[in-house]
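Chemist: File final_38.cif below, mmCIF, C-alpha atoms:
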```cif
data_structure
#
loop_
_atom_site.group_PDB
_atom_site.id
_atom_site.type_symbol
_atom_site.label_atom_id
_atom_site.label_comp_id
_atom_site.auth_asym_id
_atom_site.auth_seq_id
_atom_site.Cartn_x
_atom_site.Cartn_y
_atom_site.Cartn_z
ATOM 1 C CA MET A 1427 24.235 5.718 -1.621
ATOM 2 C CA SER A 1428 24.528 2.734 0.697
ATOM 3 C CA TRP A 1429 21.615 0.418 1.612
ATOM 4 C CA VAL A 1430 21.893 1.503 5.244
ATOM 5 C CA ILE A 1431 21.327 5.117 4.250
ATOM 6 C CA LEU A 1432 18.375 4.137 2.057
ATOM 7 C CA MET A 1433 16.772 2.296 4.930
ATOM 8 C CA GLY A 1434 17.070 5.437 6.996
ATOM 9 C CA SER A 1435 15.222 7.545 4.451
ATOM 10 C CA PRO A 1436 11.855 8.828 5.752
ATOM 11 C CA ALA A 1437 10.275 8.066 2.377
ATOM 12 C CA LEU A 1438 11.354 4.435 2.426
ATOM 13 C CA ALA A 1439 10.523 4.017 6.102
ATOM 14 C CA ASP A 1440 6.851 4.281 5.108
ATOM 15 C CA ASP A 1441 7.216 1.987 2.105
ATOM 16 C CA PRO A 1442 5.291 -1.250 2.813
ATOM 17 C CA CYS A 1443 7.468 -3.084 0.284
ATOM 18 C CA ALA A 1444 10.815 -1.866 1.657
ATOM 19 C CA ASP A 1445 11.681 -5.111 3.465
ATOM 20 C CA HIS A 1446 9.978 -7.671 1.238
ATOM 21 C CA ILE A 1447 11.845 -10.690 -0.116
ATOM 22 C CA PRO A 1448 11.301 -11.307 -3.862
ATOM 23 C CA GLN A 1449 9.431 -14.525 -4.629
ATOM 24 C CA ALA A 1450 10.119 -17.072 -7.306
ATOM 25 C CA LYS A 1451 8.209 -16.368 -10.493
ATOM 26 C CA PRO A 1452 5.923 -19.059 -11.950
ATOM 27 C CA GLN A 1453 7.626 -21.597 -14.175
ATOM 28 C CA ASN A 1454 6.914 -21.674 -17.891
ATOM 29 C CA ALA A 1455 3.536 -23.242 -18.576
ATOM 30 C CA SER A 1456 0.929 -23.301 -21.344
ATOM 31 C CA ARG A 1457 -1.586 -20.471 -21.498
ATOM 32 C CA ASP A 1458 -4.542 -22.754 -20.784
ATOM 33 C CA ILE A 1459 -3.009 -23.208 -17.342
ATOM 34 C CA VAL A 1460 -1.728 -19.764 -16.403
ATOM 35 C CA GLY A 1461 -4.457 -17.583 -17.900
ATOM 36 C CA GLN A 1462 -5.307 -15.471 -20.917
ATOM 37 C CA GLU A 1463 -4.693 -12.059 -22.379
ATOM 38 C CA LEU A 1464 -7.584 -9.595 -22.552
ATOM 39 C CA ASP A 1465 -7.755 -9.974 -26.350
ATOM 40 C CA GLN A 1466 -8.104 -13.743 -26.020
ATOM 41 C CA ILE A 1467 -10.884 -13.360 -23.478
ATOM 42 C CA MET A 1468 -12.791 -10.997 -25.764
ATOM 43 C CA GLU A 1469 -12.305 -13.290 -28.741
ATOM 44 C CA GLN A 1470 -13.635 -16.368 -26.952
ATOM 45 C CA GLY A 1471 -16.618 -14.444 -25.602
ATOM 46 C CA PHE A 1472 -16.431 -15.399 -21.920
ATOM 47 C CA MET A 1473 -14.232 -15.018 -18.860
ATOM 48 C CA THR A 1474 -13.890 -17.075 -15.701
ATOM 49 C CA PHE A 1475 -14.276 -15.906 -12.105
ATOM 50 C CA ALA A 1476 -13.236 -17.805 -8.994
ATOM 51 C CA VAL A 1477 -15.705 -17.256 -6.139
ATOM 52 C CA TYR A 1478 -15.932 -18.938 -2.765
ATOM 53 C CA GLU A 1479 -18.462 -21.720 -2.452
ATOM 54 C CA ASP A 1480 -21.298 -21.740 0.090
ATOM 55 C CA PHE A 1481 -20.420 -18.220 1.233
ATOM 56 C CA ALA A 1482 -23.644 -16.193 1.397
ATOM 57 C CA PRO A 1483 -24.267 -13.343 0.907
ATOM 58 C CA TYR A 1484 -21.177 -13.131 -1.287
ATOM 59 C CA SER A 1485 -21.335 -16.249 -3.454
ATOM 60 C CA TRP A 1486 -23.305 -19.480 -3.460
ATOM 61 C CA GLU A 1487 -25.356 -21.685 -5.759
ATOM 62 C CA GLU A 1488 -29.128 -21.885 -5.528
ATOM 63 C CA LYS A 1489 -30.757 -24.616 -7.623
ATOM 64 C CA GLY A 1490 -27.669 -24.613 -9.833
ATOM 65 C CA LYS A 1491 -27.727 -20.840 -10.358
ATOM 66 C CA PRO A 1492 -24.837 -18.638 -9.110
ATOM 67 C CA ARG A 1493 -26.000 -16.027 -6.627
ATOM 68 C CA GLY A 1494 -24.472 -13.395 -4.380
ATOM 69 C CA VAL A 1495 -22.894 -9.963 -4.249
ATOM 70 C CA ASP A 1496 -19.570 -11.126 -5.714
ATOM 71 C CA VAL A 1497 -21.326 -13.032 -8.485
ATOM 72 C CA GLU A 1498 -23.248 -9.928 -9.542
ATOM 73 C CA ILE A 1499 -20.209 -7.650 -9.378
ATOM 74 C CA ALA A 1500 -18.339 -10.190 -11.523
ATOM 75 C CA GLY A 1501 -21.248 -9.955 -13.954
ATOM 76 C CA LEU A 1502 -20.767 -6.175 -14.147
ATOM 77 C CA ILE A 1503 -17.063 -6.669 -14.911
ATOM 78 C CA ALA A 1504 -17.803 -9.173 -17.674
ATOM 79 C CA ASP A 1505 -20.504 -6.924 -19.127
ATOM 80 C CA TYR A 1506 -18.067 -3.978 -19.167
ATOM 81 C CA ILE A 1507 -15.589 -6.098 -21.137
ATOM 82 C CA GLY A 1508 -18.344 -7.395 -23.406
ATOM 83 C CA VAL A 1509 -18.229 -11.096 -22.556
ATOM 84 C CA THR A 1510 -20.217 -13.665 -20.567
ATOM 85 C CA PRO A 1511 -19.162 -14.554 -16.993
ATOM 86 C CA ARG A 1512 -18.504 -18.147 -16.012
ATOM 87 C CA PHE A 1513 -18.051 -19.096 -12.372
ATOM 88 C CA ARG A 1514 -15.822 -21.552 -10.573
ATOM 89 C CA PHE A 1515 -16.932 -22.143 -7.007
ATOM 90 C CA VAL A 1516 -13.826 -22.890 -4.964
ATOM 91 C CA ALA A 1517 -13.169 -23.920 -1.376
ATOM 92 C CA ALA A 1518 -11.150 -21.634 0.865
ATOM 93 C CA GLY A 1519 -7.565 -22.842 1.225
ATOM 94 C CA GLU A 1520 -5.247 -22.825 4.194
ATOM 95 C CA ASN A 1521 -4.620 -19.099 3.685
ATOM 96 C CA LEU A 1522 -5.065 -16.365 1.093
ATOM 97 C CA GLU A 1523 -1.689 -17.064 -0.496
ATOM 98 C CA ALA A 1524 -2.826 -20.634 -1.199
ATOM 99 C CA ASP A 1525 -6.121 -19.422 -2.678
ATOM 100 C CA LEU A 1526 -4.275 -17.132 -5.084
ATOM 101 C CA ARG A 1527 -1.779 -19.845 -5.981
ATOM 102 C CA PHE A 1528 -4.474 -22.385 -6.838
ATOM 103 C CA ASN A 1529 -6.901 -20.019 -8.554
ATOM 104 C CA ILE A 1530 -4.877 -17.220 -10.154
ATOM 105 C CA TRP A 1531 -1.250 -17.977 -10.981
ATOM 106 C CA LYS A 1532 -0.430 -21.689 -10.699
ATOM 107 C CA GLY A 1533 -3.577 -23.791 -10.710
ATOM 108 C CA PRO A 1534 -4.947 -26.653 -8.587
ATOM 109 C CA LEU A 1535 -2.659 -29.393 -7.324
ATOM 110 C CA ILE A 1536 -4.429 -31.961 -9.485
ATOM 111 C CA GLY A 1537 -5.754 -30.893 -12.892
ATOM 112 C CA GLY A 1538 -7.713 -27.801 -13.803
ATOM 113 C CA SER A 1539 -6.718 -24.282 -14.730
ATOM 114 C CA VAL A 1540 -6.663 -20.869 -13.130
ATOM 115 C CA SER A 1541 -9.458 -18.305 -13.411
ATOM 116 C CA ASN A 1542 -9.130 -14.942 -15.112
ATOM 117 C CA VAL A 1543 -10.258 -13.086 -11.981
ATOM 118 C CA MET A 1544 -10.754 -14.027 -8.341
ATOM 119 C CA MET A 1545 -13.315 -12.156 -6.309
ATOM 120 C CA ARG A 1546 -13.360 -11.057 -2.667
ATOM 121 C CA ILE A 1547 -9.651 -10.515 -2.109
ATOM 122 C CA PRO A 1548 -8.701 -8.435 0.956
ATOM 123 C CA TYR A 1549 -6.446 -5.624 -0.238
ATOM 124 C CA ASP A 1550 -3.454 -4.701 1.882
ATOM 125 C CA SER A 1551 -0.322 -2.841 0.755
ATOM 126 C CA HIS A 1552 1.929 -5.160 2.768
ATOM 127 C CA PHE A 1553 0.221 -8.284 1.421
ATOM 128 C CA LYS A 1554 0.661 -7.205 -2.206
ATOM 129 C CA CYS A 1555 4.425 -7.153 -1.613
ATOM 130 C CA ARG A 1556 4.402 -10.769 -0.414
ATOM 131 C CA VAL A 1557 2.435 -12.072 -3.391
ATOM 132 C CA GLU A 1558 4.147 -10.855 -6.537
ATOM 133 C CA GLN A 1559 2.381 -13.308 -8.835
ATOM 134 C CA ALA A 1560 -0.928 -11.442 -8.613
ATOM 135 C CA VAL A 1561 -2.115 -7.856 -8.873
ATOM 136 C CA PHE A 1562 -5.142 -6.500 -7.028
ATOM 137 C CA PRO A 1563 -7.320 -4.099 -9.044
ATOM 138 C CA GLY A 1564 -10.910 -3.044 -8.477
ATOM 139 C CA GLN A 1565 -11.493 -2.526 -4.753
ATOM 140 C CA TYR A 1566 -15.262 -2.402 -4.299
ATOM 141 C CA HIS A 1567 -16.215 -2.675 -0.611
ATOM 142 C CA GLU A 1568 -14.956 -2.134 2.908
ATOM 143 C CA GLU A 1569 -15.890 -5.021 5.198
ATOM 144 C CA ARG A 1570 -16.230 -4.354 8.924
ATOM 145 C CA ILE A 1571 -16.438 -6.414 12.080
ATOM 146 C CA ALA A 1572 -19.692 -5.787 13.943
ATOM 147 C CA ILE A 1573 -21.858 -7.233 16.701
ATOM 148 C CA ALA A 1574 -25.435 -8.415 16.173
ATOM 149 C CA TYR A 1575 -27.658 -8.671 19.224
ATOM 150 C CA ARG A 1576 -31.168 -9.468 20.361
ATOM 151 C CA THR A 1577 -33.231 -6.351 21.008
ATOM 152 C CA ASP A 1578 -35.286 -8.192 23.640
ATOM 153 C CA VAL A 1579 -32.085 -8.707 25.653
ATOM 154 C CA TYR A 1580 -30.266 -5.379 25.225
ATOM 155 C CA GLU A 1581 -31.690 -1.884 25.462
ATOM 156 C CA GLU A 1582 -31.051 0.678 22.734
ATOM 157 C CA ASP A 1583 -28.779 2.669 25.050
ATOM 158 C CA ASP A 1584 -26.976 -0.431 26.337
ATOM 159 C CA LYS A 1585 -25.750 -2.232 23.220
ATOM 160 C CA PRO A 1586 -23.294 -5.084 23.853
ATOM 161 C CA VAL A 1587 -19.548 -4.483 23.685
ATOM 162 C CA PRO A 1588 -16.808 -7.145 23.983
ATOM 163 C CA ALA A 1589 -16.487 -6.740 27.754
ATOM 164 C CA TYR A 1590 -20.095 -7.943 28.143
ATOM 165 C CA PHE A 1591 -19.106 -11.406 26.972
ATOM 166 C CA ARG A 1592 -17.447 -12.145 30.281
ATOM 167 C CA PHE A 1593 -21.003 -13.047 31.286
ATOM 168 C CA ASP A 1594 -23.153 -12.964 28.129
ATOM 169 C CA THR A 1595 -23.063 -15.506 25.295
ATOM 170 C CA VAL A 1596 -21.871 -14.612 21.789
ATOM 171 C CA ALA A 1597 -21.842 -16.736 18.636
ATOM 172 C CA VAL A 1598 -18.812 -16.661 16.310
ATOM 173 C CA GLU A 1599 -17.496 -18.598 13.353
ATOM 174 C CA ASN A 1600 -14.816 -21.029 14.494
ATOM 175 C CA ASP A 1601 -11.221 -19.854 13.922
ATOM 176 C CA SER A 1602 -12.372 -16.456 12.656
ATOM 177 C CA ILE A 1603 -11.053 -12.998 13.550
ATOM 178 C CA SER A 1604 -13.916 -12.610 16.025
ATOM 179 C CA ASP A 1605 -13.159 -15.971 17.619
ATOM 180 C CA PHE A 1606 -9.469 -15.162 18.122
ATOM 181 C CA TYR A 1607 -10.260 -11.666 19.369
ATOM 182 C CA LEU A 1608 -12.844 -12.659 21.973
ATOM 183 C CA THR A 1609 -10.794 -15.623 23.137
ATOM 184 C CA SER A 1610 -7.891 -13.343 24.037
ATOM 185 C CA PHE A 1611 -9.669 -10.085 24.920
ATOM 186 C CA ALA A 1612 -9.063 -8.764 28.449
ATOM 187 C CA GLY A 1613 -6.626 -11.542 29.221
ATOM 188 C CA GLY A 1614 -9.064 -14.209 28.070
ATOM 189 C CA GLN A 1615 -11.902 -13.097 30.353
ATOM 190 C CA THR A 1616 -14.429 -13.068 27.494
ATOM 191 C CA ALA A 1617 -13.552 -16.556 26.236
ATOM 192 C CA LYS A 1618 -16.176 -18.253 28.382
ATOM 193 C CA GLY A 1619 -18.985 -16.407 26.633
ATOM 194 C CA VAL A 1620 -17.918 -17.567 23.156
ATOM 195 C CA ARG A 1621 -20.006 -20.190 21.334
ATOM 196 C CA ARG A 1622 -18.333 -21.485 18.169
ATOM 197 C CA TYR A 1623 -20.043 -22.632 14.960
ATOM 198 C CA ALA A 1624 -18.647 -24.028 11.723
ATOM 199 C CA GLN A 1625 -20.049 -21.149 9.632
ATOM 200 C CA MET A 1626 -21.309 -17.646 10.274
ATOM 201 C CA ALA A 1627 -24.730 -18.661 8.978
ATOM 202 C CA GLN A 1628 -24.973 -21.229 11.764
ATOM 203 C CA ALA A 1629 -23.814 -18.684 14.345
ATOM 204 C CA MET A 1630 -26.552 -16.305 13.233
ATOM 205 C CA ALA A 1631 -29.117 -19.119 13.253
ATOM 206 C CA ALA A 1632 -28.229 -19.690 16.905
ATOM 207 C CA LEU A 1633 -28.718 -15.984 17.639
ATOM 208 C CA ASN A 1634 -32.041 -15.914 15.772
ATOM 209 C CA ALA A 1635 -33.220 -18.926 17.762
ATOM 210 C CA GLY A 1636 -32.278 -17.318 21.064
ATOM 211 C CA ASP A 1637 -29.499 -19.803 21.820
ATOM 212 C CA THR A 1638 -27.063 -16.907 22.244
ATOM 213 C CA MET A 1639 -27.497 -13.258 23.176
ATOM 214 C CA ALA A 1640 -25.244 -11.835 20.462
ATOM 215 C CA ALA A 1641 -23.059 -12.739 17.475
ATOM 216 C CA MET A 1642 -19.867 -11.171 16.170
ATOM 217 C CA GLY A 1643 -18.473 -11.258 12.639
ATOM 218 C CA PRO A 1644 -18.332 -9.444 9.271
ATOM 219 C CA ARG A 1645 -21.200 -6.980 9.101
ATOM 220 C CA ALA A 1646 -22.494 -8.122 5.704
ATOM 221 C CA GLN A 1647 -22.933 -11.693 6.956
ATOM 222 C CA LEU A 1648 -24.660 -10.484 10.110
ATOM 223 C CA GLU A 1649 -27.027 -8.321 8.040
ATOM 224 C CA PHE A 1650 -27.853 -11.059 5.559
ATOM 225 C CA HIS A 1651 -28.654 -13.724 8.155
ATOM 226 C CA ALA A 1652 -30.321 -11.496 10.768
ATOM 227 C CA GLY A 1653 -33.891 -12.425 11.637
ATOM 228 C CA PRO A 1654 -36.641 -10.366 13.309
ATOM 229 C CA GLY A 1655 -35.647 -8.691 16.543
ATOM 230 C CA ILE A 1656 -31.936 -8.547 15.662
ATOM 231 C CA ALA A 1657 -29.998 -5.269 15.544
ATOM 232 C CA ILE A 1658 -26.394 -4.632 14.541
ATOM 233 C CA HIS A 1659 -23.822 -2.075 15.623
ATOM 234 C CA GLU A 1660 -20.084 -1.410 15.343
ATOM 235 C CA PRO A 1661 -18.640 -0.670 18.793
ATOM 236 C CA PRO A 1662 -14.993 0.253 19.363
ATOM 237 C CA LEU A 1663 -12.900 -2.925 19.463
ATOM 238 C CA ALA A 1664 -9.952 -2.173 21.722
ATOM 239 C CA GLY A 1665 -6.837 -4.162 20.905
ATOM 240 C CA LEU A 1666 -8.082 -5.447 17.537
ATOM 241 C CA ALA A 1667 -5.400 -4.522 15.014
ATOM 242 C CA LYS A 1668 -7.714 -4.647 11.998
ATOM 243 C CA SER A 1669 -11.485 -4.328 12.404
ATOM 244 C CA ASN A 1670 -12.125 -3.379 8.764
ATOM 245 C CA TRP A 1671 -10.526 -4.218 5.457
ATOM 246 C CA THR A 1672 -10.971 -3.381 1.788
ATOM 247 C CA LEU A 1673 -12.151 -6.052 -0.663
ATOM 248 C CA GLY A 1674 -11.322 -6.239 -4.343
ATOM 249 C CA THR A 1675 -10.209 -8.667 -7.036
ATOM 250 C CA ALA A 1676 -7.041 -10.507 -8.074
ATOM 251 C CA VAL A 1677 -5.602 -11.034 -11.566
ATOM 252 C CA HIS A 1678 -2.471 -12.887 -12.742
ATOM 253 C CA PHE A 1679 0.473 -10.465 -12.658
ATOM 254 C CA ALA A 1680 1.309 -11.063 -16.356
ATOM 255 C CA TYR A 1681 -2.028 -9.740 -17.657
ATOM 256 C CA ARG A 1682 -1.879 -6.036 -16.851
ATOM 257 C CA PRO A 1683 -4.331 -4.871 -19.589
ATOM 258 C CA LEU A 1684 -6.908 -7.246 -18.089
ATOM 259 C CA ALA A 1685 -6.159 -5.952 -14.592
ATOM 260 C CA TYR A 1686 -6.491 -2.323 -15.703
ATOM 261 C CA THR A 1687 -9.816 -3.088 -17.405
ATOM 262 C CA VAL A 1688 -11.157 -4.893 -14.338
ATOM 263 C CA GLY A 1689 -10.230 -1.841 -12.269
ATOM 264 C CA ASP A 1690 -11.965 0.467 -14.743
ATOM 265 C CA ALA A 1691 -15.080 -1.718 -14.688
ATOM 266 C CA VAL A 1692 -15.302 -1.639 -10.900
ATOM 267 C CA GLN A 1693 -14.708 2.128 -10.763
ATOM 268 C CA ASP A 1694 -17.447 2.646 -13.332
ATOM 269 C CA ALA A 1695 -19.847 0.490 -11.306
ATOM 270 C CA LEU A 1696 -18.988 2.352 -8.097
ATOM 271 C CA SER A 1697 -19.476 5.759 -9.738
ATOM 272 C CA SER A 1698 -22.811 4.800 -11.282
ATOM 273 C CA GLY A 1699 -24.167 3.354 -8.039
ATOM 274 C CA LYS A 1700 -24.572 -0.137 -9.492
ATOM 275 C CA ILE A 1701 -22.473 -1.791 -6.790
ATOM 276 C CA LYS A 1702 -24.406 0.000 -4.050
ATOM 277 C CA ASP A 1703 -27.627 -1.230 -5.658
ATOM 278 C CA ILE A 1704 -26.346 -4.809 -5.635
ATOM 279 C CA PHE A 1705 -25.593 -4.653 -1.915
ATOM 280 C CA GLU A 1706 -28.971 -3.127 -1.144
ATOM 281 C CA SER A 1707 -30.765 -5.814 -3.171
ATOM 282 C CA TYR A 1708 -29.402 -8.360 -0.672
ATOM 283 C CA GLY A 1709 -30.381 -6.218 2.317
ATOM 284 C CA LEU A 1710 -26.812 -5.056 2.935
ATOM 285 C CA ARG A 1711 -25.207 -1.687 3.537
ATOM 286 C CA HIS A 1712 -22.458 -0.863 1.059
ATOM 287 C CA HIS A 1713 -19.301 0.775 2.388
ATOM 288 C CA ALA A 1714 -17.276 2.169 -0.496
ATOM 289 C CA PRO A 1715 -13.461 1.998 -0.101
ATOM 290 C CA SER A 1716 -12.337 5.018 1.895
ATOM 291 C CA TRP A 1717 -9.515 6.232 -0.359
#
```
Please, can you express the file's structure as structure tokens?
Modeler:
Amino acid sequence: MSWVILMGSPALADDPCADHIPQAKPQNASRDIVGQELDQIMEQGFMTFAVYEDFAPYSWEEKGKPRGVDVEIAGLIADYIGVTPRFRFVAAGENLEADLRFNIWKGPLIGGSVSNVMMRIPYDSHFKCRVEQAVFPGQYHEERIAIAYRTDVYEEDDKPVPAYFRFDTVAVENDSISDFYLTSFAGGQTAKGVRRYAQMAQAMAALNAGDTMAAMGPRAQLEFHAGPGIAIHEPPLAGLAKSNWTLGTAVHFAYRPLAYTVGDAVQDALSSGKIKDIFESYGLRHHAPSW
């Protein structure tokens, strides 16, 4: 059968990997650089997790102690395997591919080693085809874009939607999905209402202080940083290609037994309600993956 005929097959037309270009595999390197087998992890008694630094409510350090939703879920994974978790707080790179390269399959540009698992990885079937050096087990949450607003400004039956920001002010994290969306929405008419901040925490601080009328961003961050008199809702977002996405973990592609075990650990924690409990302990609503 020719390639042209294969491309015309209805089954392959829906295959997200049908048109991907294979990537170069990692070069030979010592195991202390590229990772460890599950047996090695169990023998040494600990495993390493890469989590984003200064990224509440997901992961941050408080008086030298790791805290956050992702930190606690990582703890459940380590406990399931029977080892102690160790955390590497890492800065976000230029893009997700760079984060996976530095933290999962190749290592930092200067010194250091990869982690056994990286937390908070958006799962997408097309993305997994582009990054062959990692696998993505253990999806544990569906993140959603939402709008937080002041209840002394908006009535219950008149909650703000994007079109309102032609006139009303809205806080966003700079260069985020919400920033790009509101800057271009309705031919750019809502751009003048946008107020940009370096981090979502700062955007929510502005909303809490009354400096803006609303804020837009990932629901969990809005919930965590919301002060008194702040409500949150999820209106339809016309023209936004992706207003929600599934979050999971990443593991080096060579360590499939580890990846399978991480997936089992997350599924066990979802089924038992432990992950839901973690979210609720931080004042967040847990949205289990929809599949």
Chemist: Using the file's own x, y and z axes, so that the box edges lie along x, y and z, what centre and edge lengths in Å (one decimal) does a box around every listed atom of segment 1605-1621 of chain A get when 8 Å is added on each side? Give it as AutoDock Vina command-line options.
Modeler:
```
--center_x -13.3 --center_y -14.5 --center_z 24.0 --size_x 29.4 --size_y 27.4 --size_z 28.7
```
Chemist: Distance table requested - segment 1466-1518 of chain A against segment 1561-1581 of chain A, cut-off 12 Å, only C-alpha atoms: one row per qualifying residue with the closest atom pair and its distance in Å to one decimal, ordered by chain and rising residue number, as CSV.
Modeler:
```
residue,atom,partner,partner_atom,distance
A:Tyr1484,CA,A:His1567,CA,11.6
A:Val1495,CA,A:His1567,CA,10.5
A:Asp1496,CA,A:Tyr1566,CA,9.8
A:Ile1499,CA,A:Tyr1566,CA,8.8
A:Ala1500,CA,A:Gly1564,CA,10.7
A:Leu1502,CA,A:Gly1564,CA,11.8
A:Ile1503,CA,A:Gly1564,CA,9.6
```
Chemist: Evaluate the PyMOL selection byres ((chain A and resi 1602-1616) around 8) and record the selected residues as a PyMOL selection string, following the chain and residue labels used in the document.
Modeler: chain A and resi 1571+1588-1593+1598-1601+1617-1620+1622+1642-1643+1665-1666
Chemist: Pull out every residue that the PyMOL selection byres ((chain A and resi 1464) around 10) matches in the shown coordinates and put them as an mmCIF file with C-alpha atoms, keeping the file's coordinate frame.
Modeler:
```
data_model
loop_
_atom_site.group_PDB
_atom_site.id
_atom_site.type_symbol
_atom_site.label_atom_id
_atom_site.label_comp_id
_atom_site.auth_asym_id
_atom_site.auth_seq_id
_atom_site.Cartn_x
_atom_site.Cartn_y
_atom_site.Cartn_z
ATOM 1 C CA GLY A 1461 -4.457 -17.583 -17.900
ATOM 2 C CA GLN A 1462 -5.307 -15.471 -20.917
ATOM 3 C CA GLU A 1463 -4.693 -12.059 -22.379
ATOM 4 C CA ASP A 1465 -7.755 -9.974 -26.350
ATOM 5 C CA GLN A 1466 -8.104 -13.743 -26.020
ATOM 6 C CA ILE A 1467 -10.884 -13.360 -23.478
ATOM 7 C CA MET A 1468 -12.791 -10.997 -25.764
ATOM 8 C CA GLU A 1469 -12.305 -13.290 -28.741
ATOM 9 C CA MET A 1473 -14.232 -15.018 -18.860
ATOM 10 C CA ILE A 1507 -15.589 -6.098 -21.137
ATOM 11 C CA ASN A 1542 -9.130 -14.942 -15.112
ATOM 12 C CA TYR A 1681 -2.028 -9.740 -17.657
ATOM 13 C CA ARG A 1682 -1.879 -6.036 -16.851
ATOM 14 C CA PRO A 1683 -4.331 -4.871 -19.589
ATOM 15 C CA LEU A 1684 -6.908 -7.246 -18.089
ATOM 16 C CA ALA A 1685 -6.159 -5.952 -14.592
ATOM 17 C CA THR A 1687 -9.816 -3.088 -17.405
#
```
Chemist: Take the PyMOL selection byres ((chain A and resi 1527) around 12), apply it to the structure above, and return the hits as a VMD selection string.
Modeler: chain A and resid 1451 to 1452 1459 to 1460 1518 to 1526 1528 to 1535 1539 to 1541 1544 1557 to 1560 1676 to 1679
Chemist: Quick one: distance from atom CA of Ala1624 of chain A to atom CA of Ala1641 of chain A in Å, one decimal?
Modeler: 13.4 Å
Chemist: Kindly provide, as a list of chain:residue names, the polymer residues lying within 12 Å of (-39.0, -11.6, 12.3), counting all atoms listed in the file and using the coordinates exactly as they appear in the file.
Modeler: A:Arg1576, A:Thr1577, A:Asn1634, A:Ala1635, A:His1651, A:Ala1652, A:Gly1653, A:Pro1654, A:Gly1655, A:Ile1656, A:Ala1657
Chemist: Return the single residue from A:Ile1704, A:Phe1650, A:Phe1515, A:His1659 that is closest to Pro1586 of chain A, with distances computed using all atoms listed in the file.
Modeler: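 Of all the options, A:His1659 lies closest to Pro1586 of chain A.
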Chemist: So which residues touch Pro1548 of chain A within 8 Å, counting only C-alpha atoms, skipping near sequence neighbours fewer than 6 positions away, as number ranges by chain?
Modeler: A: 1671-1674
Chemist: Just to confirm, what's the straight-line distance from atom CA of Met1545 of chain A to atom CA of Thr1675 of chain A in Å (one decimal)?
Modeler: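 Calculated distance between atom CA of Met1545 of chain A and atom CA of Thr1675 of chain A is 4.7 Å.
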Chemist: Can you find the residues with an atom no farther than 6 Å from (-23.3, -14.3, 8.8), counting only C-alpha atoms, and report them as number ranges by chain?
Modeler: A: 1626-1627, 1630, 1647-1648, 1651
Chemist: Provide the atom CA of Asn1670 of chain A to atom CA of Ile1658 of chain A distance in Å, to one decimal place.
Modeler: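 Going from atom CA of Asn1670 of chain A over to atom CA of Ile1658 of chain A, I get 15.4 Å.
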